[in-house]
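Structure file data02.cif (mmCIF, C-alpha atoms) is printed below.
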data_target
loop_
_atom_site.group_PDB
_atom_site.id
_atom_site.type_symbol
_atom_site.label_atom_id
_atom_site.label_comp_id
_atom_site.auth_asym_id
_atom_site.auth_seq_id
_atom_site.Cartn_x
_atom_site.Cartn_y
_atom_site.Cartn_z
ATOM 1 C CA MET A 3 247.390 -112.905 -9.997
ATOM 2 C CA ASN A 4 244.728 -111.155 -12.120
ATOM 3 C CA THR A 5 242.659 -114.361 -12.205
ATOM 4 C CA PHE A 6 242.967 -114.813 -8.439
ATOM 5 C CA ARG A 7 242.023 -111.184 -7.818
ATOM 6 C CA THR A 8 239.042 -111.426 -10.150
ATOM 7 C CA GLY A 9 237.871 -114.582 -8.351
ATOM 8 C CA LEU A 10 238.040 -112.795 -5.009
ATOM 9 C CA LEU A 11 236.102 -109.829 -6.382
ATOM 10 C CA LEU A 12 233.396 -112.088 -7.826
ATOM 11 C CA ALA A 13 233.148 -113.820 -4.452
ATOM 12 C CA ALA A 14 232.828 -110.395 -2.801
ATOM 13 C CA MET A 15 230.045 -109.425 -5.217
ATOM 14 C CA THR A 16 228.161 -112.657 -4.488
ATOM 15 C CA GLY A 17 228.724 -112.205 -0.744
ATOM 16 C CA LEU A 18 227.338 -108.671 -0.980
ATOM 17 C CA PHE A 19 224.194 -109.972 -2.658
ATOM 18 C CA LEU A 20 223.703 -112.691 -0.038
ATOM 19 C CA GLY A 21 224.411 -110.234 2.787
ATOM 20 C CA ALA A 22 221.812 -107.856 1.402
ATOM 21 C CA GLY A 23 219.276 -110.686 1.384
ATOM 22 C CA TRP A 24 220.101 -111.454 5.036
ATOM 23 C CA LEU A 25 219.743 -107.819 6.108
ATOM 24 C CA ILE A 26 216.369 -107.576 4.413
ATOM 25 C CA GLY A 27 214.834 -110.887 5.464
ATOM 26 C CA GLY A 28 217.116 -112.692 7.902
ATOM 27 C CA GLN A 29 217.862 -116.360 7.267
ATOM 28 C CA GLY A 30 214.886 -116.670 4.936
ATOM 29 C CA GLY A 31 216.093 -113.679 2.940
ATOM 30 C CA LEU A 32 219.560 -115.209 2.710
ATOM 31 C CA VAL A 33 218.157 -118.439 1.283
ATOM 32 C CA ILE A 34 215.988 -116.557 -1.211
ATOM 33 C CA ALA A 35 218.973 -114.418 -2.288
ATOM 34 C CA LEU A 36 221.060 -117.573 -2.756
ATOM 35 C CA VAL A 37 218.388 -119.154 -4.955
ATOM 36 C CA ILE A 38 217.990 -115.946 -6.973
ATOM 37 C CA ALA A 39 221.770 -115.594 -7.440
ATOM 38 C CA ALA A 40 222.083 -119.189 -8.646
ATOM 39 C CA ALA A 41 219.127 -118.850 -11.017
ATOM 40 C CA MET A 42 220.309 -115.530 -12.455
ATOM 41 C CA ASN A 43 223.852 -116.775 -13.011
ATOM 42 C CA PHE A 44 222.563 -119.942 -14.673
ATOM 43 C CA PHE A 45 220.382 -117.829 -16.944
ATOM 44 C CA ALA A 46 223.220 -115.360 -17.602
ATOM 45 C CA TYR A 47 225.608 -118.172 -18.546
ATOM 46 C CA TRP A 48 223.342 -119.345 -21.364
ATOM 47 C CA ASN A 49 221.501 -116.186 -22.431
ATOM 48 C CA ALA A 50 223.227 -112.969 -21.312
ATOM 49 C CA ASP A 51 225.115 -112.508 -24.603
ATOM 50 C CA LYS A 52 221.846 -112.534 -26.549
ATOM 51 C CA ILE A 53 220.274 -110.106 -24.085
ATOM 52 C CA VAL A 54 223.153 -107.617 -24.266
ATOM 53 C CA LEU A 55 223.298 -107.721 -28.063
ATOM 54 C CA SER A 56 219.531 -107.248 -28.231
ATOM 55 C CA MET A 57 219.701 -104.421 -25.696
ATOM 56 C CA TYR A 58 221.990 -102.492 -28.048
ATOM 57 C CA ARG A 59 220.129 -103.610 -31.194
ATOM 58 C CA ALA A 60 223.299 -105.140 -32.627
ATOM 59 C CA LYS A 61 223.041 -106.595 -36.139
ATOM 60 C CA GLU A 62 225.124 -109.596 -37.148
ATOM 61 C CA VAL A 63 227.278 -109.084 -40.255
ATOM 62 C CA THR A 64 229.099 -111.464 -42.566
ATOM 63 C CA ARG A 65 231.993 -111.387 -44.984
ATOM 64 C CA ASN A 66 229.546 -110.308 -47.699
ATOM 65 C CA SER A 67 227.661 -107.604 -45.788
ATOM 66 C CA ALA A 68 230.691 -105.973 -44.093
ATOM 67 C CA PRO A 69 233.812 -107.313 -45.838
ATOM 68 C CA GLY A 70 236.270 -104.789 -44.387
ATOM 69 C CA PHE A 71 235.304 -105.099 -40.746
ATOM 70 C CA TYR A 72 234.635 -108.840 -40.894
ATOM 71 C CA GLY A 73 237.943 -109.393 -42.684
ATOM 72 C CA ILE A 74 239.851 -107.598 -39.928
ATOM 73 C CA VAL A 75 238.307 -109.819 -37.250
ATOM 74 C CA GLU A 76 238.930 -112.895 -39.404
ATOM 75 C CA GLN A 77 242.624 -112.111 -39.789
ATOM 76 C CA LEU A 78 243.016 -111.399 -36.066
ATOM 77 C CA VAL A 79 241.368 -114.712 -35.231
ATOM 78 C CA ARG A 80 243.878 -116.537 -37.422
ATOM 79 C CA ARG A 81 246.754 -114.750 -35.714
ATOM 80 C CA ALA A 82 245.386 -115.613 -32.284
ATOM 81 C CA ASP A 83 244.507 -119.201 -33.266
ATOM 82 C CA MET A 84 240.982 -118.797 -31.903
ATOM 83 C CA PRO A 85 237.513 -119.851 -33.055
ATOM 84 C CA MET A 86 235.777 -117.264 -35.231
ATOM 85 C CA PRO A 87 233.253 -115.290 -33.145
ATOM 86 C CA LYS A 88 230.035 -113.855 -34.457
ATOM 87 C CA VAL A 89 230.553 -110.273 -35.627
ATOM 88 C CA TYR A 90 228.069 -107.473 -34.970
ATOM 89 C CA ILE A 91 227.676 -103.786 -35.782
ATOM 90 C CA ILE A 92 225.708 -101.471 -33.495
ATOM 91 C CA ASP A 93 224.074 -98.471 -35.161
ATOM 92 C CA ASN A 94 225.282 -95.898 -32.635
ATOM 93 C CA PRO A 95 227.308 -92.723 -33.281
ATOM 94 C CA GLN A 96 229.389 -93.114 -30.104
ATOM 95 C CA PRO A 97 232.659 -94.892 -31.006
ATOM 96 C CA ASN A 98 232.888 -97.996 -28.830
ATOM 97 C CA ALA A 99 233.073 -101.799 -28.856
ATOM 98 C CA PHE A 100 232.569 -104.815 -26.612
ATOM 99 C CA ALA A 101 232.737 -108.612 -26.578
ATOM 100 C CA THR A 102 230.334 -111.086 -25.033
ATOM 101 C CA GLY A 103 229.711 -114.826 -24.818
ATOM 102 C CA ARG A 104 230.274 -117.616 -22.309
ATOM 103 C CA ASN A 105 233.427 -119.036 -23.974
ATOM 104 C CA PRO A 106 235.577 -118.658 -27.121
ATOM 105 C CA GLU A 107 233.402 -121.178 -28.966
ATOM 106 C CA ASN A 108 230.258 -119.115 -28.310
ATOM 107 C CA ALA A 109 231.554 -115.564 -28.471
ATOM 108 C CA ALA A 110 230.538 -112.383 -30.238
ATOM 109 C CA VAL A 111 232.354 -109.102 -30.861
ATOM 110 C CA ALA A 112 230.560 -105.865 -31.624
ATOM 111 C CA ALA A 113 231.611 -102.400 -32.748
ATOM 112 C CA THR A 114 229.512 -99.287 -33.156
ATOM 113 C CA SER A 115 229.070 -97.554 -36.490
ATOM 114 C CA GLY A 116 230.717 -94.528 -34.873
ATOM 115 C CA LEU A 117 233.884 -96.526 -34.213
ATOM 116 C CA LEU A 118 234.061 -97.886 -37.763
ATOM 117 C CA GLN A 119 233.713 -94.370 -39.170
ATOM 118 C CA MET A 120 236.289 -92.776 -36.853
ATOM 119 C CA LEU A 121 239.171 -95.281 -36.915
ATOM 120 C CA ASN A 122 241.442 -96.518 -39.685
ATOM 121 C CA SER A 123 241.991 -100.219 -40.366
ATOM 122 C CA GLU A 124 245.018 -100.547 -38.091
ATOM 123 C CA GLU A 125 243.221 -98.881 -35.178
ATOM 124 C CA ILE A 126 240.125 -101.053 -35.715
ATOM 125 C CA ALA A 127 242.444 -104.074 -35.643
ATOM 126 C CA GLY A 128 243.874 -102.892 -32.315
ATOM 127 C CA VAL A 129 240.408 -102.499 -30.807
ATOM 128 C CA MET A 130 239.090 -105.837 -32.028
ATOM 129 C CA ALA A 131 242.280 -107.579 -30.874
ATOM 130 C CA HIS A 132 241.552 -106.152 -27.410
ATOM 131 C CA GLU A 133 238.037 -107.615 -27.559
ATOM 132 C CA LEU A 134 239.358 -110.983 -28.722
ATOM 133 C CA ALA A 135 241.731 -110.917 -25.743
ATOM 134 C CA HIS A 136 238.687 -110.620 -23.481
ATOM 135 C CA VAL A 137 237.206 -113.639 -25.252
ATOM 136 C CA ARG A 138 240.416 -115.683 -24.918
ATOM 137 C CA ASN A 139 240.669 -114.837 -21.200
ATOM 138 C CA ARG A 140 236.959 -115.655 -20.702
ATOM 139 C CA ASP A 141 236.510 -112.148 -19.325
ATOM 140 C CA THR A 142 233.263 -112.010 -21.267
ATOM 141 C CA LEU A 143 231.691 -114.546 -18.911
ATOM 142 C CA THR A 144 233.147 -112.815 -15.849
ATOM 143 C CA MET A 145 231.826 -109.423 -16.929
ATOM 144 C CA THR A 146 228.429 -110.857 -17.802
ATOM 145 C CA VAL A 147 228.070 -112.511 -14.392
ATOM 146 C CA THR A 148 229.221 -109.287 -12.729
ATOM 147 C CA ALA A 149 226.608 -107.251 -14.591
ATOM 148 C CA THR A 150 223.927 -109.797 -13.654
ATOM 149 C CA ILE A 151 224.745 -109.737 -9.929
ATOM 150 C CA ALA A 152 225.050 -105.933 -9.958
ATOM 151 C CA GLY A 153 221.583 -105.728 -11.501
ATOM 152 C CA ALA A 154 220.258 -108.112 -8.849
ATOM 153 C CA VAL A 155 221.803 -105.998 -6.081
ATOM 154 C CA GLY A 156 220.027 -102.984 -7.530
ATOM 155 C CA MET A 157 216.763 -104.933 -7.482
ATOM 156 C CA LEU A 158 217.284 -105.808 -3.794
ATOM 157 C CA ALA A 159 218.081 -102.169 -3.028
ATOM 158 C CA ASN A 160 214.776 -101.061 -4.540
ATOM 159 C CA MET A 161 212.969 -103.719 -2.510
ATOM 160 C CA ALA A 162 214.799 -102.611 0.633
ATOM 161 C CA MET A 163 213.835 -98.995 0.029
ATOM 162 C CA PHE A 164 210.198 -100.015 -0.205
ATOM 163 C CA LEU A 165 210.402 -102.107 2.990
ATOM 164 C CA GLY A 166 212.326 -99.398 4.821
ATOM 165 C CA MET A 167 209.515 -96.947 4.240
ATOM 166 C CA PHE A 168 207.234 -99.296 6.180
ATOM 167 C CA GLY A 169 209.570 -100.205 9.017
ATOM 168 C CA GLY A 170 211.332 -103.151 7.370
ATOM 169 C CA ASN A 171 210.731 -106.877 7.418
ATOM 170 C CA ARG A 172 210.190 -108.309 10.908
ATOM 171 C CA ASN A 173 212.523 -111.195 9.969
ATOM 172 C CA SER A 174 215.385 -108.786 9.356
ATOM 173 C CA PRO A 175 218.014 -108.908 12.145
ATOM 174 C CA LEU A 176 218.184 -105.115 12.123
ATOM 175 C CA GLY A 177 214.577 -104.336 11.293
ATOM 176 C CA GLY A 178 214.019 -101.197 9.248
ATOM 177 C CA ILE A 179 217.641 -100.133 9.702
ATOM 178 C CA GLY A 180 218.825 -103.245 7.814
ATOM 179 C CA ALA A 181 216.564 -102.487 4.882
ATOM 180 C CA LEU A 182 217.748 -98.878 4.758
ATOM 181 C CA LEU A 183 221.406 -99.959 4.902
ATOM 182 C CA VAL A 184 220.838 -102.212 1.889
ATOM 183 C CA ALA A 185 219.014 -99.463 0.018
ATOM 184 C CA LEU A 186 221.753 -96.899 0.644
ATOM 185 C CA LEU A 187 224.992 -98.891 0.659
ATOM 186 C CA ALA A 188 224.501 -102.029 -1.470
ATOM 187 C CA PRO A 189 224.347 -100.337 -4.913
ATOM 188 C CA PHE A 190 227.371 -98.184 -4.090
ATOM 189 C CA THR A 191 229.404 -101.168 -2.879
ATOM 190 C CA ALA A 192 228.378 -103.256 -5.898
ATOM 191 C CA MET A 193 229.524 -100.441 -8.156
ATOM 192 C CA LEU A 194 232.947 -100.345 -6.480
ATOM 193 C CA VAL A 195 233.427 -104.122 -6.834
ATOM 194 C CA GLN A 196 232.244 -104.031 -10.450
ATOM 195 C CA MET A 197 234.691 -101.212 -11.123
ATOM 196 C CA ALA A 198 237.571 -103.178 -9.587
ATOM 197 C CA ILE A 199 236.798 -106.277 -11.669
ATOM 198 C CA SER A 200 236.660 -104.292 -14.893
ATOM 199 C CA ARG A 201 239.908 -102.431 -14.224
ATOM 200 C CA THR A 202 241.691 -105.676 -13.406
ATOM 201 C CA ARG A 203 240.735 -107.188 -16.757
ATOM 202 C CA GLU A 204 241.234 -104.130 -19.009
ATOM 203 C CA TYR A 205 245.007 -103.864 -18.582
ATOM 204 C CA GLU A 206 245.454 -107.549 -19.368
ATOM 205 C CA ALA A 207 243.227 -107.306 -22.447
ATOM 206 C CA ASP A 208 245.240 -104.299 -23.675
ATOM 207 C CA LYS A 209 248.462 -106.290 -23.337
ATOM 208 C CA ILE A 210 247.225 -109.448 -25.043
ATOM 209 C CA GLY A 211 245.355 -107.452 -27.681
ATOM 210 C CA ALA A 212 248.555 -105.625 -28.591
ATOM 211 C CA GLU A 213 250.306 -108.979 -28.985
ATOM 212 C CA ILE A 214 247.508 -110.337 -31.187
ATOM 213 C CA CYS A 215 247.451 -107.394 -33.609
ATOM 214 C CA GLY A 216 251.239 -107.078 -33.565
ATOM 215 C CA ASN A 217 251.581 -103.386 -32.735
ATOM 216 C CA PRO A 218 250.653 -101.800 -29.356
ATOM 217 C CA LEU A 219 250.574 -98.315 -30.901
ATOM 218 C CA TRP A 220 247.541 -99.225 -33.037
ATOM 219 C CA LEU A 221 245.491 -99.782 -29.908
ATOM 220 C CA ALA A 222 247.038 -96.772 -28.148
ATOM 221 C CA SER A 223 246.060 -94.510 -31.048
ATOM 222 C CA ALA A 224 242.557 -95.987 -31.130
ATOM 223 C CA LEU A 225 242.062 -95.475 -27.388
ATOM 224 C CA GLN A 226 242.957 -91.790 -27.673
ATOM 225 C CA LYS A 227 240.364 -91.272 -30.399
ATOM 226 C CA LEU A 228 237.726 -93.400 -28.689
ATOM 227 C CA GLU A 229 237.995 -91.579 -25.372
ATOM 228 C CA ALA A 230 237.629 -88.192 -27.066
ATOM 229 C CA GLY A 231 234.750 -89.414 -29.243
ATOM 230 C CA ALA A 232 232.883 -91.129 -26.396
ATOM 231 C CA LYS A 233 233.003 -87.930 -24.331
ATOM 232 C CA ARG A 234 231.401 -85.944 -27.150
ATOM 233 C CA VAL A 235 228.618 -88.373 -28.061
ATOM 234 C CA ASP A 236 225.915 -89.762 -25.776
ATOM 235 C CA ASN A 237 225.144 -93.472 -25.723
ATOM 236 C CA ILE A 238 221.500 -93.452 -24.655
ATOM 237 C CA ASP A 239 221.237 -97.243 -24.437
ATOM 238 C CA ALA A 240 224.257 -97.419 -22.124
ATOM 239 C CA GLU A 241 222.899 -94.618 -19.927
ATOM 240 C CA ARG A 242 219.692 -96.642 -19.518
ATOM 241 C CA ASN A 243 221.679 -99.795 -18.679
ATOM 242 C CA PRO A 244 224.713 -98.619 -16.643
ATOM 243 C CA ALA A 245 225.371 -102.144 -15.307
ATOM 244 C CA THR A 246 226.732 -103.018 -18.780
ATOM 245 C CA ALA A 247 229.122 -100.044 -18.997
ATOM 246 C CA HIS A 248 232.136 -102.097 -17.895
ATOM 247 C CA MET A 249 231.780 -104.325 -20.973
ATOM 248 C CA PHE A 250 232.815 -101.551 -23.382
ATOM 249 C CA ILE A 251 236.421 -100.784 -24.321
ATOM 250 C CA VAL A 252 235.966 -97.166 -23.143
ATOM 251 C CA ASN A 253 233.443 -95.879 -20.630
ATOM 252 C CA PRO A 254 230.205 -95.107 -22.528
ATOM 253 C CA LEU A 255 228.699 -93.092 -19.650
ATOM 254 C CA HIS A 256 229.016 -89.372 -19.149
ATOM 255 C CA ALA A 257 229.590 -87.266 -16.071
ATOM 256 C CA HIS A 258 225.909 -86.265 -15.862
ATOM 257 C CA SER A 259 225.084 -89.876 -14.991
ATOM 258 C CA VAL A 260 224.973 -90.761 -11.289
ATOM 259 C CA ASP A 261 226.439 -94.155 -12.170
ATOM 260 C CA ASN A 262 229.597 -92.493 -13.465
ATOM 261 C CA LEU A 263 230.744 -91.073 -10.130
ATOM 262 C CA PHE A 264 233.430 -93.752 -10.240
ATOM 263 C CA SER A 265 234.659 -95.027 -13.589
ATOM 264 C CA THR A 266 234.548 -98.728 -14.398
ATOM 265 C CA HIS A 267 237.654 -98.286 -16.564
ATOM 266 C CA PRO A 268 241.294 -97.478 -15.757
ATOM 267 C CA LYS A 269 242.568 -94.008 -16.569
ATOM 268 C CA MET A 270 243.126 -93.809 -20.282
ATOM 269 C CA ALA A 271 246.500 -92.107 -19.843
ATOM 270 C CA ASN A 272 247.720 -95.125 -17.857
ATOM 271 C CA ARG A 273 246.476 -97.596 -20.466
ATOM 272 C CA ILE A 274 248.149 -95.671 -23.282
ATOM 273 C CA ARG A 275 251.394 -95.340 -21.325
ATOM 274 C CA LYS A 276 251.575 -99.101 -20.781
ATOM 275 C CA LEU A 277 250.987 -99.737 -24.494
ATOM 276 C CA GLU A 278 253.698 -97.246 -25.431
ATOM 277 C CA GLU A 279 256.058 -99.021 -23.038
ATOM 278 C CA MET A 280 255.229 -102.291 -24.791
ATOM 279 C CA ALA A 281 256.045 -100.713 -28.138
ATOM 280 C CA GLY A 282 259.468 -99.746 -26.811
ATOM 281 C CA ALA A 283 260.128 -103.314 -25.715
ATOM 282 C CA PRO A 284 261.181 -106.079 -28.111
ATOM 283 C CA LEU A 285 258.037 -107.114 -29.979
ATOM 284 C CA GLN A 286 257.689 -108.946 -33.253
ATOM 285 C CA ALA A 287 255.463 -106.438 -35.022
ATOM 286 C CA ARG A 288 253.782 -107.896 -38.076
ATOM 287 C CA PRO A 289 252.533 -105.783 -40.988
ATOM 288 C CA TRP A 290 248.779 -105.473 -41.316
ATOM 289 C CA GLY A 291 246.837 -106.582 -44.366
#
Could you quickly redo this structure as structure tokens?
Amino acid sequence: MNTFRTGLLLAAMTGLFLGAGWLIGGQGGLVIALVIAAAMNFFAYWNADKIVLSMYRAKEVTRNSAPGFYGIVEQLVRRADMPMPKVYIIDNPQPNAFATGRNPENAAVAATSGLLQMLNSEEIAGVMAHELAHVRNRDTLTMTVTATIAGAVGMLANMAMFLGMFGGNRNSPLGGIGALLVALLAPFTAMLVQMAISRTREYEADKIGAEICGNPLWLASALQKLEAGAKRVDNIDAERNPATAHMFIVNPLHAHSVDNLFSTHPKMANRIRKLEEMAGAPLQARPWG
């Protein structure tokens, strides 16, 4: 059901982009939007992981350079019977983490220095198991494509604003009104769809992550600390690139950001409650280390 829902939401996001192109430029605008969407998704499939990691200045680490953190990911990968992803650390005081990559064979997981300083080994294991769950479910590709289309919608909105100031494109079926509708409504609608996709995937990643690490309470404890820490510390890079916010395990944006009017993440209390319910259910918890 989650996969079906995510597919519908991705289709809605693509339809929004194509509809915006039609409102701006009529049939010609629709064709141009279709070509742009195809080109951007093709590019995102092969390169978006590198772009996101570069955007946050993530540095790849190895067993020698970060034995503790790398060892945790390595042990989780063995438990999950998955390919070993590349492991990165982001020099950022806000405690957070994300995964990226087009498939499990070409994946990367990243944690901030703030997260590694704040959490103990069991909590780090819970967080990285959550990120590996995203990799296993191929959510990383879904979220990357979503961020790409959302960015493209924003680009069209800026173009529409410019055209609307001058009466719109004569090929637009609604003239200047069509351009203004795109400028005002498209970014907001894209944000709602992006939010729905992220929320759909987060609960599933929490569940599978808890199964991978062997104890749901490790992730529950980590989420409590991460939410409190993320609220206290700004993530300047995320504020500059709000379309990537849904990739993080907790929302990196703060209330002073316009893009945070609606959160891309489920309520933390609900996520923690579900994990605590899992812990009360029969689960073969395995000792860490």
Explicit residues for the PyMOL selection byres ((chain A and resi 49-62) around 9) (as a ChimeraX atom specification): /A:44-48,63-64,88-94,101-104,109-110,112-114,142-143,146-147,150,239-240,243,246
Selection dump of the PyMOL selection byres ((chain A and resi 99) around 8), as a PyMOL selection string: chain A and resi 97-98+100-101+111-114+117+129-130+133+250-252
A:Ala127 environment, 9 Å, only C-alpha atoms, sequence neighbours closer than 6 positions dropped, as a list in words: Phe71, Ile74, Val75, Leu78, Cys215, Trp220, Leu221 and Trp290 of chain A
Once you have the residues from the selection above, write them out as a short mmCIF file (atom, residue, chain, number, x, y, z; two decimals), keeping the file's coordinate frame, restricted to C-alpha atoms.
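Dumped to selection33.cif:
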data_model
loop_
_atom_site.label_atom_id
_atom_site.label_comp_id
_atom_site.auth_asym_id
_atom_site.auth_seq_id
_atom_site.Cartn_x
_atom_site.Cartn_y
_atom_site.Cartn_z
CA PHE A 71 235.30 -105.10 -40.75
CA ILE A 74 239.85 -107.60 -39.93
CA VAL A 75 238.31 -109.82 -37.25
CA LEU A 78 243.02 -111.40 -36.07
CA CYS A 215 247.45 -107.39 -33.61
CA TRP A 220 247.54 -99.22 -33.04
CA LEU A 221 245.49 -99.78 -29.91
CA TRP A 290 248.78 -105.47 -41.32
#
Atom pair atom CA of A:Lys276 / atom CA of A:Pro218: separation (Å): 9.0 Å
Distance of atom CA of A:Arg140 from atom CA of A:Phe19, expressed in Å to one decimal place: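 So the answer is 22.8 Å.
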Two-atom distance - atom CA of A:Gln226, atom CA of A:Leu277 (Å): 11.7 Å
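Once A:Glu279 and its same-chain neighbours fewer than 4 positions away are set aside, Pro218, Leu219, Ile274, Arg275 and Ala283 of chain A remain within 10 Å of it when counting all atoms listed in the file.
When all atoms listed in the file are used to compute distances to A:Gly17, the closest of the residues A:Ile151, A:Met280, A:Tyr72, A:Asn122 turns out to be A:Ile151.
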Given all atoms listed in the file as the counted atoms, nearest of A:Thr144, A:Thr202, A:Gln96, A:Ser115 to A:Ala232: A:Gln96
For A:Arg203, the nearest of the candidates A:Arg242, A:His136, A:Lys269, A:Arg80, counting all atoms listed in the file: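 Looking only at the distances to A:Arg203, the closest residue turns out to be A:His136.
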12 Å contact set for A:Arg234, only C-alpha atoms, chain neighbours under 6 positions out, as a list of chain:residue names: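 What passes the distance filter is A:Pro95, A:Gln96, A:Pro97, A:Gly116, A:Lys227, A:Leu228, A:Pro254, A:Leu255, A:His256, A:Ala257.
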Spatial neighbours of A:Arg138, 9 Å, all atoms listed in the file, chain gap at least 3 places, as a list in words: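 Listing them by chain and then by number gives Ala82, Met84, Asn105, Pro106, Glu133, Leu134, Ala135, Asp141 and Thr142 of chain A.
Remark: for A:Glu278, the closest of the candidate residues A:Glu241, A:Asp208, A:Glu76, A:Glu229 is A:Asp208 (distances computed over all atoms listed in the file).
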Among the residues A:Met86, A:Met145, A:Ala224, A:Ala230, the one that comes closest to A:Ala212 [using all atoms listed in the file]: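 Of A:Met86, A:Met145, A:Ala224, A:Ala230, the one nearest A:Ala212, counting all atoms listed in the file, is A:Ala224.
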Report the centre and edge lengths, in Å to one decimal, of an axis-aligned box enclosing every atom of stretch 82-92 of chain A listed in the file, padded by 4 Å on each side, as AutoDock Vina command-line options.
--center_x 235.5 --center_y -110.7 --center_z -33.8 --size_x 27.7 --size_y 26.4 --size_z 11.9
Selected residue of minimal separation from A:Ala22 among A:Asn66, A:Gln119, A:Ile34, A:Val155, counting all atoms listed in the file: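 Of all the options, A:Val155 lies closest to A:Ala22.
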All heavy atoms modelled onto stretch 204-210 of chain A, as a short mmCIF file (atom, residue, chain, number, x, y, z; two decimals), in the frame of the given file:
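Dumped everything to result_10.cif:
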data_model
loop_
_atom_site.label_atom_id
_atom_site.label_comp_id
_atom_site.auth_asym_id
_atom_site.auth_seq_id
_atom_site.Cartn_x
_atom_site.Cartn_y
_atom_site.Cartn_z
N GLU A 204 240.95 -104.99 -17.87
CA GLU A 204 241.23 -104.13 -19.01
C GLU A 204 242.72 -104.07 -19.34
O GLU A 204 243.12 -104.13 -20.50
CB GLU A 204 240.69 -102.71 -18.76
CG GLU A 204 239.18 -102.59 -18.86
CD GLU A 204 238.65 -103.04 -20.21
OE1 GLU A 204 239.18 -102.65 -21.25
OE2 GLU A 204 237.68 -103.82 -20.21
N TYR A 205 243.57 -103.93 -18.32
CA TYR A 205 245.01 -103.86 -18.58
C TYR A 205 245.51 -105.14 -19.26
O TYR A 205 246.31 -105.09 -20.19
CB TYR A 205 245.77 -103.65 -17.27
CG TYR A 205 245.72 -102.24 -16.74
CD1 TYR A 205 245.27 -101.96 -15.45
CD2 TYR A 205 246.16 -101.16 -17.52
CE1 TYR A 205 245.24 -100.67 -14.95
CE2 TYR A 205 246.13 -99.86 -17.03
CZ TYR A 205 245.67 -99.62 -15.75
OH TYR A 205 245.64 -98.33 -15.27
N GLU A 206 245.02 -106.29 -18.79
CA GLU A 206 245.45 -107.55 -19.37
C GLU A 206 244.98 -107.68 -20.81
O GLU A 206 245.71 -108.17 -21.68
CB GLU A 206 244.92 -108.71 -18.52
CG GLU A 206 245.42 -110.09 -18.95
CD GLU A 206 246.90 -110.30 -18.67
OE1 GLU A 206 247.51 -109.46 -17.99
OE2 GLU A 206 247.45 -111.30 -19.15
N ALA A 207 243.74 -107.24 -21.08
CA ALA A 207 243.23 -107.31 -22.45
C ALA A 207 244.00 -106.36 -23.37
O ALA A 207 244.22 -106.68 -24.55
CB ALA A 207 241.74 -106.97 -22.47
N ASP A 208 244.41 -105.21 -22.87
CA ASP A 208 245.24 -104.30 -23.68
C ASP A 208 246.54 -104.99 -24.07
O ASP A 208 246.98 -104.93 -25.22
CB ASP A 208 245.55 -103.02 -22.89
CG ASP A 208 244.37 -102.06 -22.83
OD1 ASP A 208 243.41 -102.24 -23.60
OD2 ASP A 208 244.41 -101.12 -22.00
N LYS A 209 247.17 -105.64 -23.10
CA LYS A 209 248.46 -106.29 -23.34
C LYS A 209 248.33 -107.42 -24.36
O LYS A 209 249.08 -107.47 -25.35
CB LYS A 209 249.02 -106.83 -22.02
CG LYS A 209 250.32 -107.62 -22.14
CD LYS A 209 250.78 -108.10 -20.77
CE LYS A 209 252.06 -108.93 -20.89
NZ LYS A 209 251.85 -110.20 -21.60
N ILE A 210 247.38 -108.31 -24.13
CA ILE A 210 247.22 -109.45 -25.04
C ILE A 210 246.71 -108.98 -26.40
O ILE A 210 247.12 -109.51 -27.45
CB ILE A 210 246.28 -110.49 -24.42
CG1 ILE A 210 246.92 -111.08 -23.17
CG2 ILE A 210 245.94 -111.60 -25.42
CD1 ILE A 210 246.04 -112.06 -22.42
#
